[in-house]
>>> print(open('data-v5.txt').read())   # compact mmCIF, C-alpha atoms
# COMPACT_ATOMS: atom_id res chain seq x y z
CA MET A 1 107.83 94.24 133.21
CA ASN A 2 107.15 96.53 130.27
CA LYS A 3 103.54 95.89 129.28
CA MET A 4 102.06 98.00 126.49
CA THR A 5 98.41 98.89 126.43
CA SER A 6 96.29 100.72 123.89
CA MET A 7 95.25 104.23 124.86
CA PRO A 8 91.52 105.06 124.73
CA MET A 9 90.53 106.36 121.34
CA ASN A 10 89.97 110.05 120.87
CA ARG A 11 88.05 110.16 117.61
CA ARG A 12 88.70 113.80 116.74
CA TYR A 13 92.42 113.60 117.56
CA PHE A 14 92.76 110.39 115.50
CA LEU A 15 91.31 111.98 112.40
CA GLN A 16 93.42 115.12 112.76
CA VAL A 17 96.68 113.24 113.17
CA THR A 18 96.28 110.56 110.53
CA GLY A 19 94.18 112.49 108.08
CA ALA A 20 91.38 110.68 106.33
CA GLY A 21 93.29 110.21 103.10
CA LEU A 22 90.81 107.66 101.78
CA VAL A 23 89.47 108.15 98.29
CA SER A 24 85.90 106.96 97.95
CA ALA A 25 85.08 104.65 95.09
CA THR A 26 82.99 106.20 92.37
CA ALA A 27 79.28 105.53 92.41
CA LEU A 28 78.01 102.42 90.74
CA GLY A 29 76.63 102.70 87.24
CA GLY A 30 72.91 102.39 86.57
CA SER A 31 72.07 98.88 87.75
CA ALA A 32 68.77 97.19 88.30
CA SER A 33 70.34 95.40 91.27
CA ARG A 34 69.24 96.41 94.75
CA ALA A 35 72.95 96.86 95.50
CA ARG A 36 72.64 100.26 93.86
CA ALA A 37 74.73 103.42 93.99
CA GLU A 38 72.64 104.99 96.75
CA ALA A 39 73.54 102.20 99.18
CA TYR A 40 77.00 103.71 99.75
CA ASP A 41 78.72 106.89 98.70
CA GLY A 42 81.46 104.68 97.30
CA PHE A 43 82.64 101.59 99.20
CA THR A 44 86.06 101.40 100.83
CA TRP A 45 87.76 98.36 102.38
CA ILE A 46 90.70 99.17 104.65
CA SER A 47 93.69 96.97 105.39
CA PRO A 48 94.95 96.27 108.94
CA ARG A 49 98.59 96.28 107.79
CA GLY A 50 99.27 99.76 106.42
CA THR A 51 99.97 98.22 102.99
CA LEU A 52 98.21 96.41 100.17
CA GLU A 53 101.39 94.92 98.70
CA VAL A 54 100.84 91.49 100.22
CA LEU A 55 99.25 88.25 99.08
CA ASP A 56 96.71 88.21 101.92
CA ASP A 57 94.05 90.02 99.87
CA TYR A 58 94.33 87.82 96.78
CA PRO A 59 90.56 87.02 96.65
CA TYR A 60 89.84 90.69 95.94
CA TRP A 61 92.37 91.02 93.13
CA VAL A 62 91.20 87.72 91.62
CA ALA A 63 87.56 88.81 91.78
CA LYS A 64 88.36 92.20 90.32
CA LYS A 65 90.29 90.66 87.43
CA ALA A 66 87.61 88.02 86.74
CA GLY A 67 84.69 90.44 87.01
CA TYR A 68 83.16 88.71 90.02
CA PHE A 69 82.11 92.01 91.62
CA GLY A 70 79.84 92.70 88.68
CA ASP A 71 78.86 96.37 88.51
CA LEU A 72 80.14 97.19 92.00
CA ASN A 73 82.81 99.87 91.98
CA THR A 74 84.98 99.41 95.06
CA GLU A 75 88.14 100.78 96.62
CA MET A 76 90.94 99.12 98.59
CA GLN A 77 93.02 101.30 100.90
CA PRO A 78 96.13 100.43 102.96
CA GLY A 79 95.28 102.79 105.81
CA PRO A 80 97.75 103.98 108.46
CA SER A 81 100.12 101.49 110.09
CA ASP A 82 98.40 102.05 113.45
CA GLY A 83 97.17 98.58 114.42
CA THR A 84 93.69 99.84 115.36
CA ALA A 85 93.05 102.00 112.28
CA THR A 86 91.09 99.28 110.47
CA VAL A 87 88.27 99.51 113.03
CA LYS A 88 88.56 103.22 113.83
CA PHE A 89 88.12 104.24 110.20
CA VAL A 90 85.02 102.06 109.79
CA ASP A 91 83.54 103.35 113.03
CA VAL A 92 83.81 107.01 112.00
CA GLY A 93 82.70 106.42 108.41
CA GLN A 94 86.05 106.95 106.69
CA ALA A 95 85.89 103.35 105.43
CA ASP A 96 83.06 100.86 105.09
CA MET A 97 84.70 97.53 105.88
CA GLY A 98 87.74 96.63 107.95
CA PHE A 99 89.75 93.45 108.41
CA PRO A 100 90.77 93.33 112.09
CA SER A 101 92.21 90.47 114.06
CA PRO A 102 89.93 89.24 116.86
CA GLY A 103 92.11 91.15 119.32
CA ILE A 104 91.66 94.45 117.46
CA PHE A 105 87.96 93.67 117.06
CA SER A 106 87.80 93.30 120.86
CA PHE A 107 89.46 96.74 121.15
CA ALA A 108 86.62 98.13 119.03
CA ILE A 109 83.99 96.46 121.24
CA GLN A 110 85.72 97.63 124.42
CA ASN A 111 85.76 101.21 123.09
CA GLY A 112 82.05 101.22 122.25
CA MET A 113 82.34 100.97 118.46
CA LYS A 114 79.11 99.61 117.00
CA LEU A 115 80.69 97.13 114.58
CA LYS A 116 79.73 93.62 113.59
CA SER A 117 81.70 90.80 112.01
CA VAL A 118 79.93 89.71 108.81
CA PHE A 119 82.46 87.47 107.00
CA HIS A 120 84.99 85.43 108.94
CA MET A 121 88.01 85.09 106.69
CA GLY A 122 90.35 83.42 109.20
CA ALA A 123 88.76 80.07 109.95
CA ARG A 124 92.07 78.89 111.44
CA ASP A 125 94.39 80.96 113.61
CA THR A 126 96.78 82.69 111.24
CA PHE A 127 99.09 84.05 113.94
CA SER A 128 102.41 82.58 114.96
CA PHE A 129 105.56 83.36 116.93
CA ALA A 130 108.87 83.59 115.11
CA PHE A 131 112.19 82.72 116.76
CA ARG A 132 115.76 82.96 115.56
CA LYS A 133 116.94 79.66 114.09
CA GLY A 134 117.71 77.15 116.83
CA GLU A 135 115.83 79.15 119.49
CA GLY A 136 112.28 78.01 118.74
CA MET A 137 110.08 76.60 121.49
CA ALA A 138 107.19 74.16 121.25
CA ASP A 139 105.84 75.22 124.69
CA LEU A 140 105.05 78.93 124.80
CA LYS A 141 105.36 78.97 128.59
CA GLY A 142 109.03 79.41 127.78
CA LEU A 143 108.19 82.99 126.78
CA GLU A 144 107.55 83.97 130.40
CA GLY A 145 110.25 86.48 131.29
CA LYS A 146 111.08 86.96 127.61
CA THR A 147 110.52 89.83 125.17
CA ILE A 148 108.23 89.67 122.13
CA LEU A 149 108.65 92.16 119.29
CA LEU A 150 105.55 93.69 117.70
CA GLY A 151 105.08 95.92 114.69
CA SER A 152 102.45 97.93 116.57
CA ALA A 153 101.71 98.23 120.29
CA ALA A 154 98.08 97.42 119.49
CA TRP A 155 99.12 93.89 118.53
CA GLN A 156 99.36 92.99 122.20
CA SER A 157 95.62 92.42 121.96
CA ILE A 158 96.46 89.63 119.50
CA THR A 159 99.28 88.00 121.42
CA ASP A 160 97.92 88.06 124.98
CA PRO A 161 94.88 85.83 124.26
CA MET A 162 97.02 83.39 122.25
CA LEU A 163 99.54 83.11 125.06
CA ALA A 164 96.92 82.85 127.80
CA ALA A 165 95.17 80.04 125.93
CA GLN A 166 98.49 78.16 125.97
CA GLY A 167 98.83 78.52 129.75
CA VAL A 168 101.24 81.46 129.70
CA ASP A 169 101.12 84.04 132.50
CA VAL A 170 100.93 87.12 130.27
CA SER A 171 101.92 89.42 133.13
CA LYS A 172 105.40 87.89 132.86
CA VAL A 173 105.81 88.67 129.15
CA LYS A 174 107.50 91.86 127.93
CA TYR A 175 106.70 93.60 124.66
CA VAL A 176 108.65 96.01 122.50
CA GLU A 177 107.08 97.95 119.64
CA ALA A 178 109.79 97.45 117.01
CA GLY A 179 107.87 99.23 114.24
CA TRP A 180 106.27 98.40 110.91
CA PRO A 181 107.66 96.84 108.77
CA THR A 182 110.93 96.36 110.64
CA TRP A 183 109.99 94.17 113.61
CA GLY A 184 111.05 90.97 111.83
CA THR A 185 114.40 92.49 110.91
CA ALA A 186 114.81 93.53 114.54
CA LEU A 187 114.38 89.93 115.67
CA ALA A 188 116.91 88.70 113.12
CA SER A 189 119.43 91.30 114.32
CA GLY A 190 119.30 89.97 117.87
CA GLN A 191 116.64 92.11 119.51
CA GLY A 192 113.99 90.43 121.65
CA ASP A 193 113.34 86.71 121.92
CA ALA A 194 110.38 86.24 119.56
CA ALA A 195 108.18 88.20 117.17
CA LEU A 196 104.55 88.00 116.15
CA SER A 197 104.03 86.71 112.62
CA TRP A 198 101.23 85.18 110.54
CA GLU A 199 100.58 82.84 107.65
CA GLY A 200 101.57 84.26 104.31
CA LEU A 201 104.00 86.64 105.98
CA ARG A 202 106.23 83.64 106.77
CA ALA A 203 106.90 83.13 103.05
CA GLU A 204 107.25 86.87 102.42
CA TRP A 205 109.87 87.11 105.18
CA ILE A 206 111.84 84.28 103.58
CA ALA A 207 111.75 86.24 100.33
CA THR A 208 113.50 89.11 102.12
CA GLY A 209 116.09 86.82 103.70
CA LEU A 210 114.44 86.46 107.12
CA LYS A 211 114.52 82.78 108.10
CA PHE A 212 113.08 81.80 111.46
CA ASP A 213 111.69 78.88 113.42
CA TYR A 214 107.96 79.15 114.17
CA TRP A 215 105.34 78.18 116.71
CA LEU A 216 102.33 78.04 114.38
CA GLY A 217 98.87 78.97 115.57
CA VAL A 218 97.41 77.35 112.47
CA GLN A 219 98.57 74.02 113.91
CA LYS A 220 98.27 74.58 117.65
CA SER A 221 95.67 77.28 118.39
CA LYS A 222 91.88 77.12 118.47
CA MET A 223 91.51 80.89 118.30
CA PRO A 224 89.71 82.54 115.35
CA ALA A 225 91.63 84.92 113.08
CA ASN A 226 90.92 88.10 111.10
CA THR A 227 87.43 88.93 109.99
CA PHE A 228 85.50 91.49 107.94
CA VAL A 229 83.59 94.03 110.04
CA VAL A 230 81.06 96.71 109.12
CA ARG A 231 78.97 99.20 111.04
CA SER A 232 76.10 97.34 112.72
CA ALA A 233 73.66 99.96 111.45
CA ASP A 234 74.49 99.08 107.84
CA LEU A 235 72.88 95.67 108.30
CA GLU A 236 69.60 97.41 109.18
CA ASP A 237 69.54 99.22 105.82
CA PRO A 238 68.09 96.90 103.12
CA ASP A 239 70.05 98.52 100.30
CA LYS A 240 73.36 98.40 102.17
CA LYS A 241 72.72 94.81 103.18
CA ALA A 242 72.06 93.86 99.55
CA PHE A 243 75.25 95.64 98.52
CA LEU A 244 77.25 93.78 101.17
CA GLU A 245 75.85 90.43 100.03
CA LYS A 246 76.93 91.10 96.46
CA TYR A 247 80.31 92.44 97.53
CA LEU A 248 81.05 89.47 99.78
CA ARG A 249 79.96 87.12 96.99
CA GLY A 250 82.82 88.55 94.94
CA TRP A 251 85.26 87.79 97.75
CA ALA A 252 83.86 84.27 98.14
CA MET A 253 84.27 83.64 94.42
CA GLY A 254 87.83 84.94 94.59
CA LEU A 255 88.53 82.57 97.49
CA GLU A 256 87.09 79.64 95.55
CA PHE A 257 89.13 80.52 92.46
CA GLY A 258 92.30 80.78 94.56
CA HIS A 259 91.66 77.39 96.11
CA GLN A 260 91.17 75.83 92.70
CA ASN A 261 94.18 77.52 91.06
CA PRO A 262 96.52 79.13 93.62
CA ARG A 263 99.19 79.98 91.06
CA ALA A 264 96.73 81.98 88.97
CA ALA A 265 95.63 83.84 92.11
CA VAL A 266 99.25 84.78 92.83
CA GLU A 267 99.57 86.09 89.28
CA ALA A 268 96.56 88.36 89.85
CA VAL A 269 98.31 89.94 92.85
CA PHE A 270 101.66 90.18 91.07
CA GLU A 271 100.04 91.98 88.13
CA GLN A 272 98.71 94.54 90.59
CA PHE A 273 102.05 95.06 92.37
CA PRO A 274 105.05 94.51 90.03
CA ALA A 275 107.70 95.52 92.60
CA PHE A 276 106.25 93.11 95.14
CA ALA A 277 106.21 90.40 92.46
CA LYS A 278 109.87 90.97 91.66
CA ASN A 279 110.89 90.79 95.32
CA THR A 280 108.81 87.70 96.11
CA GLY A 281 108.90 85.45 93.04
CA PRO A 282 106.53 82.68 91.91
CA GLU A 283 107.55 79.92 94.35
CA LEU A 284 107.45 81.96 97.55
CA GLY A 285 104.35 83.74 96.28
CA THR A 286 102.64 80.38 95.81
CA THR A 287 103.79 79.28 99.26
CA SER A 288 102.38 82.43 100.82
CA LEU A 289 99.03 82.01 99.10
CA LEU A 290 98.75 78.34 100.05
CA GLN A 291 99.38 79.31 103.67
CA GLN A 292 96.56 81.83 103.43
CA ASP A 293 94.20 79.40 101.68
CA ASN A 294 94.71 76.94 104.52
CA VAL A 295 93.68 79.63 107.02
CA PHE A 296 90.76 81.03 105.00
CA ARG A 297 89.29 77.65 104.09
CA GLY A 298 89.65 75.90 107.44
CA ASP A 299 87.74 72.66 107.70
CA MET A 300 85.15 73.39 105.03
CA ASP A 301 83.28 70.15 105.78
CA LYS A 302 82.27 71.76 109.08
CA ARG A 303 81.56 75.22 107.69
CA GLU A 304 78.55 76.55 105.82
CA GLY A 305 80.62 78.26 103.19
CA TRP A 306 83.35 80.86 102.86
CA GLY A 307 83.18 83.45 105.64
CA TRP A 308 81.08 81.35 108.04
CA HIS A 309 81.59 82.08 111.74
CA ASP A 310 82.11 79.19 114.16
CA MET A 311 80.32 80.79 117.11
CA ALA A 312 81.83 78.31 119.60
CA SER A 313 85.34 79.36 118.55
CA TRP A 314 84.47 83.02 118.81
CA GLN A 315 82.80 82.55 122.17
CA GLY A 316 85.91 80.77 123.44
CA PHE A 317 87.97 83.78 122.36
CA PHE A 318 85.70 86.29 124.09
CA ASP A 319 85.67 84.19 127.26
CA GLU A 320 89.48 84.03 127.24
CA ILE A 321 89.99 87.77 126.86
CA LEU A 322 87.48 88.43 129.65
CA LYS A 323 89.61 86.25 131.95
CA ILE A 324 92.75 88.26 131.23
CA GLY A 325 91.01 91.64 131.47
CA GLN A 326 91.26 92.59 127.80
CA ILE A 327 87.53 93.32 127.93
CA LYS A 328 85.68 94.34 131.07
CA GLU A 329 82.24 92.91 130.35
CA PRO A 330 81.22 89.53 128.88
CA VAL A 331 80.58 89.45 125.15
CA LYS A 332 78.13 87.09 123.50
CA ALA A 333 79.51 86.01 120.14
CA GLU A 334 76.10 86.13 118.45
CA ASP A 335 75.75 89.79 119.40
CA VAL A 336 78.87 90.89 117.51
CA CYS A 337 79.22 88.20 114.81
CA THR A 338 76.59 87.20 112.29
CA ASN A 339 76.17 84.56 109.58
CA GLU A 340 73.17 86.30 108.01
CA LEU A 341 75.08 87.24 104.85
CA ILE A 342 76.90 83.93 104.38
CA LYS A 343 74.24 82.05 102.41
CA SER A 344 73.94 84.85 99.86
CA ALA A 345 77.70 85.35 99.71
CA ASN A 346 78.16 81.69 98.78
CA ASP A 347 75.26 81.64 96.32
CA PHE A 348 77.33 81.52 93.14
CA ASP A 349 78.05 79.01 90.39
CA HIS A 350 80.90 77.03 91.91
CA ALA A 351 81.33 74.95 88.77
CA LYS A 352 81.72 78.12 86.69
CA VAL A 353 84.41 79.47 89.04
CA LYS A 354 86.24 76.13 88.89
CA ALA A 355 86.01 76.22 85.11
CA ASP A 356 87.43 79.75 85.11
CA ALA A 357 90.30 78.62 87.34
CA ASP A 358 91.01 75.53 85.26
CA ALA A 359 90.97 77.51 82.01
CA TYR A 360 93.44 80.14 83.19
CA LYS A 361 96.66 80.00 81.19
CA LEU A 362 99.61 80.32 83.53
CA THR A 363 102.79 82.11 82.60
CA GLU A 364 105.79 79.86 82.05
CA ALA A 365 107.33 80.75 85.43
CA PHE A 366 104.19 79.78 87.33
CA ALA A 367 103.48 76.69 85.23
CA ALA A 368 106.85 75.36 86.41
CA ILE A 369 105.80 75.50 90.09
CA ASP A 370 104.84 72.12 91.59
CA VAL A 371 101.95 73.12 93.85
CA GLU A 372 101.77 69.81 95.69
CA ASN A 373 105.49 69.91 96.45
CA VAL A 374 105.14 73.45 97.80
CA ARG A 375 102.15 72.37 99.88
CA ALA A 376 104.10 69.42 101.29
CA HIS A 377 106.82 71.72 102.64
CA MET A 378 104.65 74.58 103.95
CA PHE A 379 105.36 73.78 107.58
CA ASP A 380 109.04 72.77 107.45
CA ASP A 381 109.97 75.72 109.70
CA ALA A 382 107.54 74.74 112.49
CA VAL A 383 108.95 73.72 115.87
>>> encode(input="data-v5.txt", output="structure tokens")
Amino acid sequence: MNKMTSMPMNRRYFLQVTGAGLVSATALGGSASRARAEAYDGFTWISPRGTLEVLDDYPYWVAKKAGYFGDLNTEMQPGPSDGTATVKFVDVGQADMGFPSPGIFSFAIQNGMKLKSVFHMGARDTFSFAFRKGEGMADLKGLEGKTILLGSAAWQSITDPMLAAQGVDVSKVKYVEAGWPTWGTALASGQGDAALSWEGLRAEWIATGLKFDYWLGVQKSKMPANTFVVRSADLEDPDKKAFLEKYLRGWAMGLEFGHQNPRAAVEAVFEQFPAFAKNTGPELGTTSLLQQDNVFRGDMDKREGWGWHDMASWQGFFDEILKIGQIKEPVKAEDVCTNELIKSANDFDHAKVKADADAYKLTEAFAAIDVENVRAHMFDDAV
């Protein structure tokens, strides 16, 4: 067996090796809002992927383009490719909000980081396992004795709970860190037996010629997915809390816009990253965004708005990782997740956002995309 585990964090060593490298956003202009400049010395959101050239963050680019952040001046940073950087940087104050998977969030909790989840983006489980064509398996117990490729060793904290919840003995699974962004290519070339993937990335892999069969968590898993975390202490500061409410409202409006007009949301991302746009194209871009919208929205009839935490789902996750030893002490979901910002984040004019989405004039290439046809074939590669 070749199990990989995350080493305990050494905060000083981490900062010396990676370098901070994050440029703070400029202070907000003179605003009467309580979300004023003094709340943060700039506000930085950090990606968990080591890149921003993806469709996953479309709500931000939509909100920025549409002016939904108002007078807030914010910064997006890709961060290092280290799978745990998105929580480490927030913990030490080099970023203000991270977007970890539940597994990486559990790493933060286990290592004593005082972080709290404030906006649950991934209402459905975004993660999946990719297999070479013809080698897919509907029962993940078939992965016992097999090798799974990961982009980062830290991703084992994502895969182990997923596998355990499906009845897999995780002690019988081997992992290989195949590197970012090459772990999918490694699978295609014959290495390993499966690779971790996620919604949105499936379409992006197709765009680069990587075609796989998939076991899809979005269809078969009850686990939660990535979430926005901040320092717990920030919620105790009235000005920072007000800032976060306004900031998350921008994200919620971007999510709503993307749901109403997914093609326009893709265009907002493509305008930001022309090379990514050229390599992906309108149809696969729309497919990727629809996959993400399905994850982010979840069953909205059972949610209290964008970003709402289902505490039962989160508690199930924490109970599962306690069983497999990923955390050493029980975690109560309500202690590390909160819905206190959700009402304010969703307090916007939904009709106005829909009107904005409906009024958007698509380019000719995007106008030609049949959204419902794309939606109908989103899961054709599922086993």
>>> closest_residue(input="data-v5.txt", among="A:Ala357, A:Met253, A:Ile369, A:Ala188", to="Arg132 of chain A", atoms="only C-alpha atoms")
A:Ala188
>>> closest_residue(input="data-v5.txt", among="A:Asp301, A:Trp215, A:Leu187, A:Ala207", to="Met137 of chain A", atoms="only C-alpha atoms")
A:Trp215
>>> atom_distance(input="data-v5.txt", atom1="atom CA of Leu235 of chain A", atom2="atom CA of Glu256 of chain A")
24.9 Å
>>> atom_distance(input="data-v5.txt", atom1="atom CA of Trp306 of chain A", atom2="atom CA of Leu255 of chain A")
7.7 Å
>>> residues_around(input="data-v5.txt", residues="Trp314 of chain A", least_positions_apart="4", cutoff="7 Å", atoms="all atoms listed in the file", output="ChimeraX atom specification")
/A:224,310,318,333
>>> closest_residue(input="data-v5.txt", among="A:Thr86, A:Gln219, A:Asn111, A:Asn261", to="Met378 of chain A", atoms="all atoms listed in the file")
A:Gln219
>>> closest_residue(input="data-v5.txt", among="A:Ala382, A:Ala123, A:Leu201, A:Ser171", to="Met311 of chain A", atoms="all atoms listed in the file")
A:Ala123
>>> closest_residue(input="data-v5.txt", among="A:Val230, A:Val173, A:Ser152, A:Ala376", to="Val87 of chain A", atoms="all atoms listed in the file")
A:Val230
>>> residues_around(input="data-v5.txt", residues="segment 70-85 of chain A", least_positions_apart="6", cutoff="6 Å", atoms="all atoms listed in the file", output="number ranges by chain")
A: 25, 28, 43-47, 49-52, 152, 154
